[in-house]
Amino acid sequence: MPITTILVAFSSIFTLTDFQLIWTITHGGPTDATQVFTTLAYQRAISGGQLGEGAAIAVSPIVIMIVLAFFVVPFGAEK
């Protein structure tokens, strides 16, 4: 169980922060099929000129990562 929890947490974090691959291949995909927080934030802030909205979208995954960290830390400390 601890290894599975850590793997799920790291996979989720890497998925949330993946920008280069998605942007270079699909730019968010057809009808936003491959859209993640980072590409959405980039589209709103840089392409759309809405810096505040882009910043809010870019910061929102921090809450998800904190919740995942609470699940990982107790299991990671066990021996």
# chains A, B, ... in the order shown; residues from 1 in each chain; ligands from 1
call {"tool": "select_by_dssp", "arguments": {"residues": "chain A", "states": "alpha helix (DSSP H)", "output": "JSON, numbers by chain"}}
result
{"A": [2, 3, 4, 5, 6, 7, 8, 9, 10, 11, 12, 13, 14, 15, 16, 20, 21, 22, 23, 24, 25, 37, 38, 39, 40, 41, 42, 51, 52, 53, 54, 55, 56, 57, 58, 59, 61, 62, 63, 64, 65, 66, 67, 68, 69, 70, 71, 72, 73, 74, 75, 76]}
call {"tool": "residues_around", "arguments": {"residues": "range 65-70 of chain A", "least_positions_apart": "4", "cutoff": "10 Å", "atoms": "only C-alpha atoms", "output": "number ranges by chain"}}
result
A: 5-6, 8-10, 12-13, 16, 60-61, 74-75
call {"tool": "write_last_selection", "arguments": {"atoms": "N, CA, C and O atoms", "output": "PDB file, in the first residue's frame"}}
result
ATOM      1  N   THR A   5       0.666   4.218  -2.950  1.00  0.00           N
ATOM      2  CA  THR A   5       0.262   5.581  -2.623  1.00  0.00           C
ATOM      3  C   THR A   5       1.290   6.588  -3.106  1.00  0.00           C
ATOM      4  O   THR A   5       0.934   7.624  -3.682  1.00  0.00           O
ATOM      5  N   ILE A   6       2.542   6.302  -2.905  1.00  0.00           N
ATOM      6  CA  ILE A   6       3.598   7.205  -3.347  1.00  0.00           C
ATOM      7  C   ILE A   6       3.620   7.300  -4.868  1.00  0.00           C
ATOM      8  O   ILE A   6       3.755   8.386  -5.432  1.00  0.00           O
ATOM      9  N   VAL A   8       1.114   6.808  -6.970  1.00  0.00           N
ATOM     10  CA  VAL A   8      -0.057   7.557  -7.421  1.00  0.00           C
ATOM     11  C   VAL A   8       0.139   9.048  -7.189  1.00  0.00           C
ATOM     12  O   VAL A   8      -0.191   9.879  -8.047  1.00  0.00           O
ATOM     13  N   ALA A   9       0.705   9.409  -6.040  1.00  0.00           N
ATOM     14  CA  ALA A   9       0.935  10.830  -5.743  1.00  0.00           C
ATOM     15  C   ALA A   9       1.931  11.442  -6.720  1.00  0.00           C
ATOM     16  O   ALA A   9       1.691  12.527  -7.267  1.00  0.00           O
ATOM     17  N   PHE A  10       3.038  10.776  -6.961  1.00  0.00           N
ATOM     18  CA  PHE A  10       4.035  11.312  -7.887  1.00  0.00           C
ATOM     19  C   PHE A  10       3.501  11.366  -9.315  1.00  0.00           C
ATOM     20  O   PHE A  10       3.752  12.331 -10.037  1.00  0.00           O
ATOM     21  N   SER A  12       0.417  11.785 -10.191  1.00  0.00           N
ATOM     22  CA  SER A  12      -0.528  12.898 -10.240  1.00  0.00           C
ATOM     23  C   SER A  12       0.186  14.233 -10.306  1.00  0.00           C
ATOM     24  O   SER A  12      -0.209  15.122 -11.063  1.00  0.00           O
ATOM     25  N   ILE A  13       1.244  14.383  -9.532  1.00  0.00           N
ATOM     26  CA  ILE A  13       2.006  15.634  -9.543  1.00  0.00           C
ATOM     27  C   ILE A  13       2.647  15.853 -10.900  1.00  0.00           C
ATOM     28  O   ILE A  13       2.588  16.954 -11.456  1.00  0.00           O
ATOM     29  N   LEU A  16      -0.035  16.871 -13.372  1.00  0.00           N
ATOM     30  CA  LEU A  16      -0.490  18.246 -13.162  1.00  0.00           C
ATOM     31  C   LEU A  16       0.508  19.275 -13.686  1.00  0.00           C
ATOM     32  O   LEU A  16       0.120  20.359 -14.104  1.00  0.00           O
ATOM     33  N   SER A  60      -3.831  27.008  -8.435  1.00  0.00           N
ATOM     34  CA  SER A  60      -4.824  26.078  -7.903  1.00  0.00           C
ATOM     35  C   SER A  60      -4.340  24.633  -7.740  1.00  0.00           C
ATOM     36  O   SER A  60      -4.795  23.954  -6.816  1.00  0.00           O
ATOM     37  N   PRO A  61      -3.431  24.101  -8.563  1.00  0.00           N
ATOM     38  CA  PRO A  61      -2.973  22.728  -8.319  1.00  0.00           C
ATOM     39  C   PRO A  61      -2.192  22.549  -7.017  1.00  0.00           C
ATOM     40  O   PRO A  61      -2.025  21.422  -6.557  1.00  0.00           O
ATOM     41  N   PRO A  74       2.229  10.104   5.752  1.00  0.00           N
ATOM     42  CA  PRO A  74       2.079   9.049   6.784  1.00  0.00           C
ATOM     43  C   PRO A  74       2.514   7.672   6.312  1.00  0.00           C
ATOM     44  O   PRO A  74       3.098   6.915   7.070  1.00  0.00           O
ATOM     45  N   PHE A  75       2.250   7.328   5.065  1.00  0.00           N
ATOM     46  CA  PHE A  75       2.632   6.016   4.566  1.00  0.00           C
ATOM     47  C   PHE A  75       4.128   5.929   4.301  1.00  0.00           C
ATOM     48  O   PHE A  75       4.727   4.877   4.451  1.00  0.00           O
TER      49      PHE A  75
END
call {"tool": "atom_distance", "arguments": {"atom1": "CA of Tyr42 in chain A", "atom2": "CA of Phe14 in chain A"}}
result
17.0 Å
call {"tool": "residues_around", "arguments": {"residues": "Thr38 in chain A", "least_positions_apart": "3", "cutoff": "12 Å", "atoms": "only C-alpha atoms", "output": "compact mmCIF listing (two decimals) with N, CA and C atoms, in the first residue's frame"}}
result
# COMPACT_ATOMS: atom_id res chain seq x y z
N ILE A 13 1.24 14.38 -9.53
CA ILE A 13 2.01 15.63 -9.54
C ILE A 13 2.65 15.85 -10.90
N PHE A 14 3.24 14.83 -11.47
CA PHE A 14 3.88 14.98 -12.78
C PHE A 14 2.84 15.26 -13.87
N THR A 15 1.66 14.68 -13.74
CA THR A 15 0.60 14.95 -14.71
C THR A 15 0.11 16.39 -14.59
N LEU A 16 -0.03 16.87 -13.37
CA LEU A 16 -0.49 18.25 -13.16
C LEU A 16 0.51 19.27 -13.69
N THR A 17 1.77 18.96 -13.63
CA THR A 17 2.78 19.94 -14.01
C THR A 17 3.36 19.71 -15.40
N ASP A 18 2.84 18.75 -16.15
CA ASP A 18 3.38 18.47 -17.48
C ASP A 18 2.91 19.54 -18.46
N PHE A 19 3.82 20.25 -19.05
CA PHE A 19 3.48 21.31 -20.00
C PHE A 19 4.12 21.09 -21.36
N GLN A 20 5.41 20.80 -21.39
CA GLN A 20 6.15 20.77 -22.65
C GLN A 20 5.58 19.77 -23.64
N LEU A 21 5.37 18.56 -23.21
CA LEU A 21 4.90 17.51 -24.11
C LEU A 21 3.53 17.84 -24.67
N ILE A 22 2.62 18.22 -23.81
CA ILE A 22 1.26 18.51 -24.24
C ILE A 22 1.23 19.73 -25.16
N TRP A 23 1.97 20.79 -24.79
CA TRP A 23 1.92 22.01 -25.59
C TRP A 23 2.56 21.82 -26.97
N HIS A 27 -1.19 21.44 -28.14
CA HIS A 27 -1.66 22.76 -27.69
C HIS A 27 -2.96 22.65 -26.90
N GLY A 28 -3.12 21.63 -26.14
CA GLY A 28 -4.33 21.44 -25.37
C GLY A 28 -5.31 20.47 -26.01
N THR A 34 -6.75 17.21 -24.13
CA THR A 34 -5.52 16.99 -23.38
C THR A 34 -5.15 18.20 -22.54
N GLN A 35 -6.12 19.00 -22.17
CA GLN A 35 -5.87 20.22 -21.39
C GLN A 35 -5.55 19.87 -19.94
N ALA A 41 -3.56 27.55 -18.00
CA ALA A 41 -3.05 28.80 -17.44
C ALA A 41 -2.26 29.58 -18.48
N TYR A 42 -1.48 28.89 -19.28
CA TYR A 42 -0.71 29.54 -20.33
C TYR A 42 -1.63 30.17 -21.38
N GLN A 43 -2.65 29.44 -21.78
CA GLN A 43 -3.58 29.96 -22.79
C GLN A 43 -4.32 31.19 -22.27
N ARG A 44 -4.75 31.16 -21.01
CA ARG A 44 -5.49 32.30 -20.47
C ARG A 44 -4.59 33.49 -20.22
N ALA A 45 -3.39 33.25 -19.67
CA ALA A 45 -2.53 34.37 -19.27
C ALA A 45 -1.75 34.95 -20.45
N ILE A 46 -1.10 34.14 -21.23
CA ILE A 46 -0.23 34.64 -22.28
C ILE A 46 -1.01 34.88 -23.57
N GLY A 54 -5.04 33.53 -15.37
CA GLY A 54 -3.99 32.55 -15.61
C GLY A 54 -3.20 32.25 -14.34
N ALA A 55 -2.94 33.28 -13.54
CA ALA A 55 -2.21 33.07 -12.27
C ALA A 55 -3.05 32.24 -11.30
N ALA A 56 -4.34 32.49 -11.24
CA ALA A 56 -5.21 31.72 -10.35
C ALA A 56 -5.27 30.25 -10.76
N ILE A 57 -5.31 30.00 -12.06
CA ILE A 57 -5.33 28.62 -12.54
C ILE A 57 -4.00 27.94 -12.25
N ALA A 58 -2.90 28.67 -12.39
CA ALA A 58 -1.57 28.09 -12.17
C ALA A 58 -1.34 27.76 -10.70
N VAL A 59 -1.95 28.50 -9.80
CA VAL A 59 -1.74 28.28 -8.36
C VAL A 59 -2.69 27.22 -7.80
N SER A 60 -3.83 27.01 -8.43
CA SER A 60 -4.82 26.08 -7.90
C SER A 60 -4.34 24.63 -7.74
N PRO A 61 -3.43 24.10 -8.56
CA PRO A 61 -2.97 22.73 -8.32
C PRO A 61 -2.19 22.55 -7.02
N ILE A 62 -1.75 23.65 -6.42
CA ILE A 62 -1.03 23.53 -5.14
C ILE A 62 -1.92 22.89 -4.09
call {"tool": "atom_distance", "arguments": {"atom1": "CA of Thr24 in chain A", "atom2": "CA of Thr39 in chain A"}}
result
10.4 Å
call {"tool": "decode", "arguments": {"residues": "range 24-39 of chain A", "atoms": "all heavy atoms", "output": "PDB file, in the first residue's frame"}}
result
ATOM      1  N   THR A  24       3.681  21.117 -27.023  1.00  0.00           N
ATOM      2  CA  THR A  24       4.345  20.969 -28.314  1.00  0.00           C
ATOM      3  C   THR A  24       3.591  20.036 -29.261  1.00  0.00           C
ATOM      4  O   THR A  24       3.629  20.223 -30.467  1.00  0.00           O
ATOM      5  CB  THR A  24       5.782  20.443 -28.153  1.00  0.00           C
ATOM      6  OG1 THR A  24       5.751  19.227 -27.432  1.00  0.00           O
ATOM      7  CG2 THR A  24       6.657  21.441 -27.443  1.00  0.00           C
ATOM      8  N   ILE A  25       2.879  19.068 -28.728  1.00  0.00           N
ATOM      9  CA  ILE A  25       2.188  18.118 -29.588  1.00  0.00           C
ATOM     10  C   ILE A  25       0.769  18.583 -29.926  1.00  0.00           C
ATOM     11  O   ILE A  25       0.371  18.576 -31.091  1.00  0.00           O
ATOM     12  CB  ILE A  25       2.158  16.719 -28.951  1.00  0.00           C
ATOM     13  CG1 ILE A  25       3.579  16.169 -28.865  1.00  0.00           C
ATOM     14  CG2 ILE A  25       1.275  15.778 -29.750  1.00  0.00           C
ATOM     15  CD1 ILE A  25       3.677  14.852 -28.148  1.00  0.00           C
ATOM     16  N   THR A  26      -0.016  19.002 -28.930  1.00  0.00           N
ATOM     17  CA  THR A  26      -1.445  19.226 -29.186  1.00  0.00           C
ATOM     18  C   THR A  26      -1.950  20.625 -28.848  1.00  0.00           C
ATOM     19  O   THR A  26      -3.087  20.935 -29.193  1.00  0.00           O
ATOM     20  CB  THR A  26      -2.289  18.235 -28.371  1.00  0.00           C
ATOM     21  OG1 THR A  26      -2.098  18.486 -26.983  1.00  0.00           O
ATOM     22  CG2 THR A  26      -1.944  16.809 -28.712  1.00  0.00           C
ATOM     23  N   HIS A  27      -1.186  21.444 -28.140  1.00  0.00           N
ATOM     24  CA  HIS A  27      -1.659  22.761 -27.692  1.00  0.00           C
ATOM     25  C   HIS A  27      -2.956  22.654 -26.900  1.00  0.00           C
ATOM     26  O   HIS A  27      -3.823  23.512 -26.979  1.00  0.00           O
ATOM     27  CB  HIS A  27      -1.859  23.721 -28.864  1.00  0.00           C
ATOM     28  CG  HIS A  27      -0.590  24.166 -29.492  1.00  0.00           C
ATOM     29  ND1 HIS A  27       0.144  25.219 -29.016  1.00  0.00           N
ATOM     30  CD2 HIS A  27       0.081  23.692 -30.551  1.00  0.00           C
ATOM     31  CE1 HIS A  27       1.209  25.386 -29.764  1.00  0.00           C
ATOM     32  NE2 HIS A  27       1.197  24.452 -30.711  1.00  0.00           N
ATOM     33  N   GLY A  28      -3.117  21.632 -26.141  1.00  0.00           N
ATOM     34  CA  GLY A  28      -4.332  21.437 -25.366  1.00  0.00           C
ATOM     35  C   GLY A  28      -5.308  20.473 -26.010  1.00  0.00           C
ATOM     36  O   GLY A  28      -6.312  20.121 -25.435  1.00  0.00           O
ATOM     37  N   GLY A  29      -5.007  20.074 -27.206  1.00  0.00           N
ATOM     38  CA  GLY A  29      -5.773  19.022 -27.853  1.00  0.00           C
ATOM     39  C   GLY A  29      -7.007  19.484 -28.579  1.00  0.00           C
ATOM     40  O   GLY A  29      -7.440  20.617 -28.434  1.00  0.00           O
ATOM     41  N   PRO A  30      -7.565  18.589 -29.345  1.00  0.00           N
ATOM     42  CA  PRO A  30      -8.826  18.913 -30.003  1.00  0.00           C
ATOM     43  C   PRO A  30      -9.942  19.021 -28.970  1.00  0.00           C
ATOM     44  O   PRO A  30     -10.123  18.109 -28.162  1.00  0.00           O
ATOM     45  CB  PRO A  30      -9.058  17.739 -30.956  1.00  0.00           C
ATOM     46  CG  PRO A  30      -8.220  16.636 -30.427  1.00  0.00           C
ATOM     47  CD  PRO A  30      -7.087  17.272 -29.676  1.00  0.00           C
ATOM     48  N   THR A  31     -10.614  20.123 -28.971  1.00  0.00           N
ATOM     49  CA  THR A  31     -11.684  20.442 -28.009  1.00  0.00           C
ATOM     50  C   THR A  31     -11.246  20.206 -26.562  1.00  0.00           C
ATOM     51  O   THR A  31     -11.967  19.620 -25.762  1.00  0.00           O
ATOM     52  CB  THR A  31     -12.969  19.645 -28.308  1.00  0.00           C
ATOM     53  OG1 THR A  31     -12.701  18.242 -28.186  1.00  0.00           O
ATOM     54  CG2 THR A  31     -13.498  19.959 -29.679  1.00  0.00           C
ATOM     55  N   ASP A  32     -10.039  20.646 -26.229  1.00  0.00           N
ATOM     56  CA  ASP A  32      -9.482  20.587 -24.866  1.00  0.00           C
ATOM     57  C   ASP A  32      -9.395  19.170 -24.303  1.00  0.00           C
ATOM     58  O   ASP A  32      -9.504  18.960 -23.102  1.00  0.00           O
ATOM     59  CB  ASP A  32     -10.282  21.470 -23.909  1.00  0.00           C
ATOM     60  CG  ASP A  32     -10.208  22.923 -24.293  1.00  0.00           C
ATOM     61  OD1 ASP A  32      -9.195  23.324 -24.892  1.00  0.00           O
ATOM     62  OD2 ASP A  32     -11.157  23.684 -23.991  1.00  0.00           O
ATOM     63  N   ALA A  33      -9.173  18.182 -25.129  1.00  0.00           N
ATOM     64  CA  ALA A  33      -9.105  16.798 -24.681  1.00  0.00           C
ATOM     65  C   ALA A  33      -7.859  16.518 -23.842  1.00  0.00           C
ATOM     66  O   ALA A  33      -7.889  15.671 -22.955  1.00  0.00           O
ATOM     67  CB  ALA A  33      -9.151  15.845 -25.871  1.00  0.00           C
ATOM     68  N   THR A  34      -6.746  17.212 -24.133  1.00  0.00           N
ATOM     69  CA  THR A  34      -5.517  16.988 -23.375  1.00  0.00           C
ATOM     70  C   THR A  34      -5.147  18.205 -22.535  1.00  0.00           C
ATOM     71  O   THR A  34      -3.985  18.399 -22.203  1.00  0.00           O
ATOM     72  CB  THR A  34      -4.352  16.656 -24.326  1.00  0.00           C
ATOM     73  OG1 THR A  34      -4.180  17.730 -25.239  1.00  0.00           O
ATOM     74  CG2 THR A  34      -4.607  15.367 -25.071  1.00  0.00           C
ATOM     75  N   GLN A  35      -6.118  19.004 -22.172  1.00  0.00           N
ATOM     76  CA  GLN A  35      -5.871  20.216 -21.394  1.00  0.00           C
ATOM     77  C   GLN A  35      -5.547  19.868 -19.939  1.00  0.00           C
ATOM     78  O   GLN A  35      -6.238  19.063 -19.322  1.00  0.00           O
ATOM     79  CB  GLN A  35      -7.126  21.094 -21.450  1.00  0.00           C
ATOM     80  CG  GLN A  35      -6.934  22.498 -21.000  1.00  0.00           C
ATOM     81  CD  GLN A  35      -6.276  23.355 -22.046  1.00  0.00           C
ATOM     82  OE1 GLN A  35      -5.062  23.386 -22.070  1.00  0.00           O
ATOM     83  NE2 GLN A  35      -7.038  24.019 -22.874  1.00  0.00           N
ATOM     84  N   VAL A  36      -4.488  20.435 -19.410  1.00  0.00           N
ATOM     85  CA  VAL A  36      -4.139  20.328 -17.994  1.00  0.00           C
ATOM     86  C   VAL A  36      -4.010  21.741 -17.442  1.00  0.00           C
ATOM     87  O   VAL A  36      -4.108  22.720 -18.175  1.00  0.00           O
ATOM     88  CB  VAL A  36      -2.835  19.516 -17.778  1.00  0.00           C
ATOM     89  CG1 VAL A  36      -3.023  18.056 -18.132  1.00  0.00           C
ATOM     90  CG2 VAL A  36      -1.687  20.096 -18.550  1.00  0.00           C
ATOM     91  N   PHE A  37      -3.787  21.853 -16.135  1.00  0.00           N
ATOM     92  CA  PHE A  37      -3.740  23.174 -15.508  1.00  0.00           C
ATOM     93  C   PHE A  37      -2.694  24.083 -16.130  1.00  0.00           C
ATOM     94  O   PHE A  37      -2.942  25.266 -16.336  1.00  0.00           O
ATOM     95  CB  PHE A  37      -3.461  23.038 -14.001  1.00  0.00           C
ATOM     96  CG  PHE A  37      -4.643  22.593 -13.204  1.00  0.00           C
ATOM     97  CD1 PHE A  37      -4.683  21.342 -12.636  1.00  0.00           C
ATOM     98  CD2 PHE A  37      -5.720  23.431 -13.011  1.00  0.00           C
ATOM     99  CE1 PHE A  37      -5.768  20.925 -11.899  1.00  0.00           C
ATOM    100  CE2 PHE A  37      -6.822  23.035 -12.274  1.00  0.00           C
ATOM    101  CZ  PHE A  37      -6.847  21.780 -11.712  1.00  0.00           C
ATOM    102  N   THR A  38      -1.542  23.544 -16.434  1.00  0.00           N
ATOM    103  CA  THR A  38      -0.466  24.400 -16.941  1.00  0.00           C
ATOM    104  C   THR A  38      -0.756  24.934 -18.333  1.00  0.00           C
ATOM    105  O   THR A  38      -0.501  26.115 -18.604  1.00  0.00           O
ATOM    106  CB  THR A  38       0.866  23.638 -16.942  1.00  0.00           C
ATOM    107  OG1 THR A  38       0.706  22.401 -17.630  1.00  0.00           O
ATOM    108  CG2 THR A  38       1.342  23.368 -15.532  1.00  0.00           C
ATOM    109  N   THR A  39      -1.305  24.108 -19.223  1.00  0.00           N
ATOM    110  CA  THR A  39      -1.610  24.599 -20.556  1.00  0.00           C
ATOM    111  C   THR A  39      -2.792  25.563 -20.535  1.00  0.00           C
ATOM    112  O   THR A  39      -2.812  26.547 -21.273  1.00  0.00           O
ATOM    113  CB  THR A  39      -1.904  23.446 -21.534  1.00  0.00           C
ATOM    114  OG1 THR A  39      -2.954  22.640 -21.018  1.00  0.00           O
ATOM    115  CG2 THR A  39      -0.667  22.606 -21.765  1.00  0.00           C
TER     116      THR A  39
END
